[in-house]
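Q: You'll find start-v3.txt just under this line, and it carries compact mmCIF, C-alpha atoms.
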```
# COMPACT_ATOMS: atom_id res chain seq x y z
CA MET M 26 -52.84 -1.80 -1.27
CA GLN M 27 -51.34 -0.79 -4.60
CA GLU M 28 -48.45 -2.87 -5.90
CA THR M 29 -45.12 -1.05 -6.33
CA LEU M 30 -43.45 -0.89 -9.74
CA ILE M 31 -40.54 -3.03 -8.52
CA ASN M 32 -42.89 -5.79 -7.34
CA LYS M 33 -45.21 -5.55 -10.34
CA TYR M 34 -42.86 -7.54 -12.59
CA ASN M 35 -40.91 -10.75 -12.00
CA ASP M 36 -37.13 -11.11 -11.77
CA LYS M 37 -36.80 -12.24 -15.39
CA THR M 38 -38.48 -9.05 -16.63
CA TRP M 39 -36.28 -6.85 -14.44
CA TYR M 40 -33.11 -8.68 -15.52
CA PHE M 41 -34.11 -7.98 -19.14
CA ILE M 42 -34.70 -4.29 -18.30
CA ILE M 43 -31.33 -4.08 -16.50
CA ALA M 44 -29.49 -5.76 -19.40
CA SER M 45 -31.25 -3.56 -21.97
CA LEU M 46 -30.58 -0.35 -20.07
CA SER M 47 -26.93 -1.34 -19.58
CA LEU M 48 -26.56 -2.06 -23.29
CA VAL M 49 -28.11 1.30 -24.20
CA VAL M 50 -25.75 3.19 -21.85
CA VAL M 51 -22.66 1.38 -23.14
CA ALA M 52 -23.75 1.84 -26.78
CA ALA M 53 -24.45 5.53 -26.17
CA VAL M 54 -20.99 6.07 -24.71
CA ALA M 55 -19.38 4.17 -27.60
CA PHE M 56 -21.36 6.29 -30.07
CA LEU M 57 -20.30 9.47 -28.28
CA ILE M 58 -16.66 8.52 -28.49
CA TYR M 59 -17.09 7.92 -32.21
CA HIS M 60 -19.20 11.08 -32.62
CA SER M 61 -16.61 13.28 -30.85
CA GLN M 62 -14.24 12.65 -33.76
CA SER M 63 -16.74 14.34 -36.10
CA VAL M 64 -17.12 17.49 -33.96
CA THR M 65 -14.96 20.15 -35.60
CA VAL M 66 -15.60 23.09 -33.30
CA ALA M 67 -16.49 22.71 -29.63
CA ARG M 68 -18.87 25.10 -27.92
CA PRO M 69 -16.85 27.48 -25.73
CA GLY M 70 -18.35 26.59 -22.35
CA ILE M 71 -18.25 22.82 -22.86
CA TYR M 72 -14.84 22.37 -21.21
CA ILE M 73 -16.32 23.00 -17.77
CA LEU M 74 -17.99 19.58 -17.96
CA PRO M 75 -14.79 17.48 -17.56
CA LYS M 76 -14.14 19.40 -14.31
CA LEU M 77 -17.72 18.70 -13.25
CA ASN M 78 -17.28 15.03 -14.19
CA ALA M 79 -14.13 14.80 -12.07
CA PHE M 80 -15.95 16.47 -9.17
CA LEU M 81 -18.93 14.10 -9.49
CA ASN M 82 -16.68 11.02 -9.74
CA GLY M 83 -14.68 12.19 -6.72
CA SER M 84 -17.91 12.76 -4.82
CA VAL M 85 -19.07 9.24 -5.68
CA ALA M 86 -15.79 7.84 -4.34
CA ILE M 87 -16.12 9.79 -1.10
CA LEU M 88 -19.75 8.82 -0.62
CA LEU M 89 -19.09 5.16 -1.38
CA THR M 90 -16.39 5.03 1.28
CA THR M 91 -18.64 6.58 3.92
CA GLY M 92 -20.89 3.56 3.88
CA TYR M 93 -24.34 2.26 3.16
CA ILE M 94 -26.23 5.31 4.44
CA PHE M 95 -24.92 7.47 1.60
CA ILE M 96 -25.28 4.97 -1.24
CA ARG M 97 -28.67 6.36 -2.26
CA ASN M 98 -27.25 9.90 -2.39
CA LYS M 99 -24.26 8.60 -4.35
CA PHE M 100 -26.56 7.26 -7.05
CA ILE M 101 -27.82 10.80 -7.66
CA PHE M 102 -24.21 11.97 -8.18
CA SER M 103 -23.51 9.09 -10.57
CA SER M 104 -26.66 9.79 -12.54
CA SER M 105 -25.68 13.47 -12.71
CA PHE M 106 -22.21 12.42 -13.85
CA LEU M 107 -23.70 10.32 -16.67
CA VAL M 108 -25.81 13.23 -17.95
CA SER M 109 -22.82 15.61 -17.76
CA TYR M 110 -20.56 13.06 -19.47
CA ILE M 111 -23.03 12.57 -22.33
CA LEU M 112 -23.50 16.32 -22.80
CA TYR M 113 -19.75 16.87 -22.91
CA HIS M 114 -18.94 14.08 -25.36
CA PHE M 115 -21.80 15.01 -27.65
CA ASN M 116 -20.62 18.61 -27.91
CA ALA M 117 -16.82 18.54 -27.69
CA THR M 118 -13.95 17.55 -29.90
CA GLU M 119 -11.85 14.59 -28.84
CA THR M 120 -9.02 15.42 -26.46
CA LYS M 121 -5.95 13.24 -26.86
CA PHE M 122 -3.41 12.58 -24.15
CA GLY M 123 -0.34 14.62 -25.04
CA GLY M 124 2.25 13.25 -22.66
CA THR M 125 5.43 12.09 -24.39
CA ASP M 126 7.14 10.20 -21.55
CA ALA M 127 6.75 6.45 -22.19
CA LEU M 128 6.18 5.59 -18.52
CA GLU M 129 3.60 8.38 -18.10
CA ARG M 130 1.79 7.28 -21.29
CA GLY M 131 1.83 3.64 -20.14
CA ILE M 132 0.36 4.54 -16.75
CA TYR M 133 -2.26 6.77 -18.35
CA PHE M 134 -3.41 4.17 -20.86
CA PHE M 135 -3.40 1.37 -18.27
CA ILE M 136 -5.61 3.45 -15.97
CA LEU M 137 -7.82 4.56 -18.89
CA ILE M 138 -8.32 1.03 -20.26
CA THR M 139 -9.11 -0.47 -16.84
CA HIS M 140 -11.39 2.49 -16.09
CA ILE M 141 -13.36 2.09 -19.35
CA THR M 142 -13.60 -1.69 -19.01
CA LEU M 143 -14.83 -1.59 -15.43
CA ALA M 144 -17.12 1.39 -16.11
CA THR M 145 -18.84 -0.77 -18.71
CA ILE M 146 -19.18 -3.65 -16.26
CA ILE M 147 -20.37 -1.50 -13.34
CA VAL M 148 -23.53 -0.29 -15.10
CA PRO M 149 -25.44 -3.60 -14.94
CA MET M 150 -23.84 -4.49 -11.60
CA THR M 151 -25.11 -1.27 -10.02
CA LEU M 152 -28.59 -1.67 -11.44
CA LEU M 153 -28.74 -5.29 -10.29
CA THR M 154 -27.45 -4.38 -6.82
CA LEU M 155 -30.08 -1.67 -6.45
CA TYR M 156 -32.80 -3.92 -7.83
CA ARG M 157 -32.01 -6.69 -5.36
CA ILE M 158 -32.22 -4.40 -2.34
CA TRP M 159 -35.45 -2.84 -3.66
CA ARG M 160 -36.87 -6.36 -3.90
CA ASN M 161 -35.63 -7.03 -0.36
CA GLN M 162 -33.40 -9.84 -1.63
CA VAL M 163 -30.83 -9.01 1.05
CA ALA M 164 -28.68 -12.15 0.71
CA HIS M 165 -28.44 -11.75 -3.08
CA HIS M 166 -27.86 -8.02 -2.67
CA ARG M 167 -24.92 -8.60 -0.32
CA LYS M 168 -23.34 -11.14 -2.69
CA ILE M 169 -23.19 -8.68 -5.57
CA ALA M 170 -22.70 -5.52 -3.46
CA LYS M 171 -19.39 -6.85 -2.11
CA TRP M 172 -18.13 -6.73 -5.73
CA THR M 173 -20.07 -3.66 -6.86
CA LEU M 174 -18.70 -1.34 -4.18
CA PRO M 175 -14.95 -1.80 -4.82
CA ILE M 176 -15.37 -1.80 -8.62
CA TRP M 177 -17.53 1.33 -8.51
CA LEU M 178 -15.03 2.96 -6.17
CA TYR M 179 -12.17 2.10 -8.55
CA VAL M 180 -14.09 3.53 -11.52
CA SER M 181 -14.87 6.72 -9.59
CA VAL M 182 -11.29 7.27 -8.41
CA THR M 183 -9.70 6.42 -11.77
CA GLY M 184 -12.18 8.76 -13.49
CA VAL M 185 -10.71 11.61 -11.45
CA ILE M 186 -7.15 10.44 -12.14
CA VAL M 187 -7.82 10.24 -15.90
CA TYR M 188 -9.25 13.75 -15.80
CA LEU M 189 -6.24 15.10 -13.91
CA MET M 190 -3.83 13.45 -16.35
CA ILE M 191 -5.62 14.66 -19.52
CA SER M 192 -6.81 18.09 -18.35
CA PRO M 193 -3.60 19.90 -19.41
CA TYR M 194 -4.40 18.89 -23.00
CA TYR M 195 -7.91 20.37 -23.19
CA PRO M 196 -8.02 23.25 -25.68
CA VAL M 197 -9.34 25.72 -23.10
```
Output the file's structure as structure tokens, nothing else.

A:
Amino acid sequence: MQETLINKYNDKTWYFIIASLSLVVVAAVAFLIYHSQSVTVARPGIYILPKLNAFLNGSVAILLTTGYIFIRNKFIFSSSFLVSYILYHFNATETKFGGTDALERGIYFFILITHITLATIIVPMTLLTLYRIWRNQVAHHRKIAKWTLPIWLYVSVTGVIVYLMISPYYPV
């Protein structure tokens, strides 16, 4: 019987792959944020992607709350979100929050900062959670999944909230 890819390598190798992939994703997003400041003219159709991102994040939140059965489907939505997010930030100018009310700005930036921080943390957590169930390490999977689920849900919901709060300030 042929050995599966997951079982072909030991835990240490997979932990290195998970850490490396997480670092690449976080670095790519950081680069895109920096790069968006150098974009002078956005392509006309690019502003549909934030709506798509909000839809995908909202879908992730709904699927996460429906339970374990849909977690595999949810991963497809999150992967689609990541591709859409990268395409948008590579091709669009930076959109700044334009609210002037101090309370509204405070709420927005609190949600945005916690969203970004936890979105960075959730990447390796999600990969490790998936890896552990693929390796049939159920006890270890459950230990991390009980943290992964609520953090991922928070990131998904706050992603939609951030979009709703900033969408009036998109150029189109």

Q: Excluding His140 (chain M) and any residue of its chain fewer than 6 positions from it, enumerate the residues within 9 Å of it, using all atoms listed in the file, and give them as a list in words.

A: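 Listed by chain and then number, they are Tyr179, Val180, Ser181, Thr183, Gly184 and Val187 of chain M.
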
Q: Tell me which of M:Ile169, M:Leu143, M:Ala164, M:Ile73 sits closest to Ser192 (chain M), counting all atoms listed in the file.

A: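 Of all the options, M:Ile73 lies closest to Ser192 (chain M).
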
Q: How many Å lie between CA of His165 (chain M) and CA of Asp36 (chain M), rounded to one decimal?

A: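 Calculated distance between CA of His165 (chain M) and CA of Asp36 (chain M) is 12.3 Å.
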
Q: To one decimal place, how far is CA of Tyr59 (chain M) from CA of Ile136 (chain M) in Å?

A: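 Those two atoms sit 20.4 Å apart.
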
Q: Mind giving me the straight-line distance from CA of Thr90 (chain M) to CA of Ile132 (chain M) in Å, one decimal?

A: 24.6 Å

Q: Which residue, M:His114, M:Lys171, M:Lys121, M:Lys33, has the smallest gap to Ile71 (chain M) when you use only C-alpha atoms?

A: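 Residue with the minimum atom-to-atom distance to Ile71 (chain M): M:His114.
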
Q: Tell me which protein, DNA and RNA residues are within 12 Å of Leu81 (chain M), counting all atoms listed in the file, leaving out same-chain ones fewer than 4 positions away, and put them as a PDB file with C-alpha atoms, keeping the file's coordinate frame.

A:
```
ATOM      1  CA  LEU M  74     -17.990  19.580 -17.960  1.00  0.00           C
ATOM      2  CA  PRO M  75     -14.790  17.480 -17.560  1.00  0.00           C
ATOM      3  CA  LYS M  76     -14.140  19.400 -14.310  1.00  0.00           C
ATOM      4  CA  LEU M  77     -17.720  18.700 -13.250  1.00  0.00           C
ATOM      5  CA  VAL M  85     -19.070   9.240  -5.680  1.00  0.00           C
ATOM      6  CA  ALA M  86     -15.790   7.840  -4.340  1.00  0.00           C
ATOM      7  CA  ILE M  87     -16.120   9.790  -1.100  1.00  0.00           C
ATOM      8  CA  LEU M  88     -19.750   8.820  -0.620  1.00  0.00           C
ATOM      9  CA  ASN M  98     -27.250   9.900  -2.390  1.00  0.00           C
ATOM     10  CA  LYS M  99     -24.260   8.600  -4.350  1.00  0.00           C
ATOM     11  CA  PHE M 100     -26.560   7.260  -7.050  1.00  0.00           C
ATOM     12  CA  ILE M 101     -27.820  10.800  -7.660  1.00  0.00           C
ATOM     13  CA  PHE M 102     -24.210  11.970  -8.180  1.00  0.00           C
ATOM     14  CA  SER M 103     -23.510   9.090 -10.570  1.00  0.00           C
ATOM     15  CA  SER M 104     -26.660   9.790 -12.540  1.00  0.00           C
ATOM     16  CA  SER M 105     -25.680  13.470 -12.710  1.00  0.00           C
ATOM     17  CA  PHE M 106     -22.210  12.420 -13.850  1.00  0.00           C
ATOM     18  CA  LEU M 107     -23.700  10.320 -16.670  1.00  0.00           C
ATOM     19  CA  VAL M 108     -25.810  13.230 -17.950  1.00  0.00           C
ATOM     20  CA  SER M 109     -22.820  15.610 -17.760  1.00  0.00           C
ATOM     21  CA  TYR M 110     -20.560  13.060 -19.470  1.00  0.00           C
ATOM     22  CA  VAL M 180     -14.090   3.530 -11.520  1.00  0.00           C
ATOM     23  CA  SER M 181     -14.870   6.720  -9.590  1.00  0.00           C
ATOM     24  CA  VAL M 182     -11.290   7.270  -8.410  1.00  0.00           C
ATOM     25  CA  GLY M 184     -12.180   8.760 -13.490  1.00  0.00           C
ATOM     26  CA  VAL M 185     -10.710  11.610 -11.450  1.00  0.00           C
ATOM     27  CA  TYR M 188      -9.250  13.750 -15.800  1.00  0.00           C
TER      28      TYR M 188
END
```

Q: Taking all atoms listed in the file into account, which of M:Tyr34, M:Tyr195, M:Phe134, M:Phe41 comes nearest Pro149 (chain M)?

A: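 Among the listed residues, the smallest separation from Pro149 (chain M) belongs to M:Phe41.
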
Q: Between M:Asn32, M:Val64, M:Trp177, M:Tyr113, which one has atoms that come closest to Thr139 (chain M), using all atoms listed in the file?

A: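 Counting all atoms listed in the file, the residue closest to Thr139 (chain M) is M:Trp177.
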
Q: So which one's closest to Asn78 (chain M), M:Thr151, M:Ile111, M:Trp39, M:Arg160? Using all atoms listed in the file, please.

A: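 Among the listed residues, the smallest separation from Asn78 (chain M) belongs to M:Ile111.
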
Q: Give me the residues near Val197 (chain M) as a count of residues only, where near means some atom within 9 Å (using all atoms listed in the file) and where sequence neighbours in that chain fewer than 3 positions away do not count.

A: 4

Q: So which one's closest to Leu46 (chain M), M:Asn161, M:Thr145, M:Ser63, M:Thr173? Using all atoms listed in the file, please.

A: M:Thr145

Q: Neighbourhood query: residues within 9 Å of (-14.3, 12.4, -31.7), file coordinates, counting all atoms listed in the file; return as JSON, numbers by chain.

A: {"M": [57, 58, 59, 60, 61, 62, 63, 64, 65, 114, 115, 117, 118, 119, 120]}

Q: Could you rebuild region 154-169 of chain M with N, CA, C and O atoms and give it back as an mmCIF file, keeping the file's coordinate frame?

A:
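The new file out-v4.cif reads:
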```cif
data_model
loop_
_atom_site.group_PDB
_atom_site.id
_atom_site.type_symbol
_atom_site.label_atom_id
_atom_site.label_comp_id
_atom_site.auth_asym_id
_atom_site.auth_seq_id
_atom_site.Cartn_x
_atom_site.Cartn_y
_atom_site.Cartn_z
ATOM 1 N N THR M 154 -27.607 -4.554 -8.269
ATOM 2 C CA THR M 154 -27.450 -4.380 -6.820
ATOM 3 C C THR M 154 -28.610 -3.586 -6.247
ATOM 4 O O THR M 154 -29.195 -3.961 -5.221
ATOM 5 N N LEU M 155 -28.947 -2.476 -6.906
ATOM 6 C CA LEU M 155 -30.080 -1.670 -6.450
ATOM 7 C C LEU M 155 -31.401 -2.444 -6.545
ATOM 8 O O LEU M 155 -32.228 -2.399 -5.639
ATOM 9 N N TYR M 156 -31.574 -3.147 -7.637
ATOM 10 C CA TYR M 156 -32.800 -3.920 -7.830
ATOM 11 C C TYR M 156 -32.977 -4.950 -6.702
ATOM 12 O O TYR M 156 -34.056 -5.094 -6.138
ATOM 13 N N ARG M 157 -31.900 -5.638 -6.386
ATOM 14 C CA ARG M 157 -32.010 -6.690 -5.360
ATOM 15 C C ARG M 157 -32.349 -6.123 -3.984
ATOM 16 O O ARG M 157 -33.083 -6.755 -3.233
ATOM 17 N N ILE M 158 -31.843 -4.960 -3.642
ATOM 18 C CA ILE M 158 -32.220 -4.400 -2.340
ATOM 19 C C ILE M 158 -33.640 -3.861 -2.383
ATOM 20 O O ILE M 158 -34.369 -3.940 -1.406
ATOM 21 N N TRP M 159 -34.064 -3.294 -3.542
ATOM 22 C CA TRP M 159 -35.450 -2.840 -3.660
ATOM 23 C C TRP M 159 -36.424 -3.998 -3.531
ATOM 24 O O TRP M 159 -37.528 -3.828 -3.028
ATOM 25 N N ARG M 160 -36.020 -5.166 -4.010
ATOM 26 C CA ARG M 160 -36.870 -6.360 -3.900
ATOM 27 C C ARG M 160 -36.706 -7.053 -2.557
ATOM 28 O O ARG M 160 -37.277 -8.097 -2.314
ATOM 29 N N ASN M 161 -35.901 -6.480 -1.689
ATOM 30 C CA ASN M 161 -35.630 -7.030 -0.360
ATOM 31 C C ASN M 161 -34.975 -8.408 -0.435
ATOM 32 O O ASN M 161 -35.177 -9.255 0.414
ATOM 33 N N GLN M 162 -34.172 -8.611 -1.465
ATOM 34 C CA GLN M 162 -33.400 -9.840 -1.630
ATOM 35 C C GLN M 162 -32.016 -9.596 -0.997
ATOM 36 O O GLN M 162 -31.001 -9.523 -1.679
ATOM 37 N N VAL M 163 -32.010 -9.472 0.321
ATOM 38 C CA VAL M 163 -30.830 -9.010 1.050
ATOM 39 C C VAL M 163 -29.624 -9.926 0.822
ATOM 40 O O VAL M 163 -28.512 -9.453 0.568
ATOM 41 N N ALA M 164 -29.808 -11.222 0.892
ATOM 42 C CA ALA M 164 -28.680 -12.150 0.710
ATOM 43 C C ALA M 164 -28.076 -12.006 -0.692
ATOM 44 O O ALA M 164 -26.849 -11.943 -0.844
ATOM 45 N N HIS M 165 -28.920 -11.931 -1.702
ATOM 46 C CA HIS M 165 -28.440 -11.750 -3.080
ATOM 47 C C HIS M 165 -27.802 -10.371 -3.257
ATOM 48 O O HIS M 165 -26.803 -10.226 -3.968
ATOM 49 N N HIS M 166 -28.409 -9.377 -2.611
ATOM 50 C CA HIS M 166 -27.860 -8.020 -2.670
ATOM 51 C C HIS M 166 -26.434 -7.995 -2.102
ATOM 52 O O HIS M 166 -25.529 -7.427 -2.708
ATOM 53 N N ARG M 167 -26.248 -8.597 -0.958
ATOM 54 C CA ARG M 167 -24.920 -8.600 -0.320
ATOM 55 C C ARG M 167 -23.885 -9.309 -1.173
ATOM 56 O O ARG M 167 -22.729 -8.879 -1.236
ATOM 57 N N LYS M 168 -24.290 -10.397 -1.839
ATOM 58 C CA LYS M 168 -23.340 -11.140 -2.690
ATOM 59 C C LYS M 168 -22.798 -10.274 -3.815
ATOM 60 O O LYS M 168 -21.610 -10.314 -4.119
ATOM 61 N N ILE M 169 -23.666 -9.508 -4.461
ATOM 62 C CA ILE M 169 -23.190 -8.680 -5.570
ATOM 63 C C ILE M 169 -22.627 -7.352 -5.069
ATOM 64 O O ILE M 169 -21.691 -6.804 -5.649
#
```
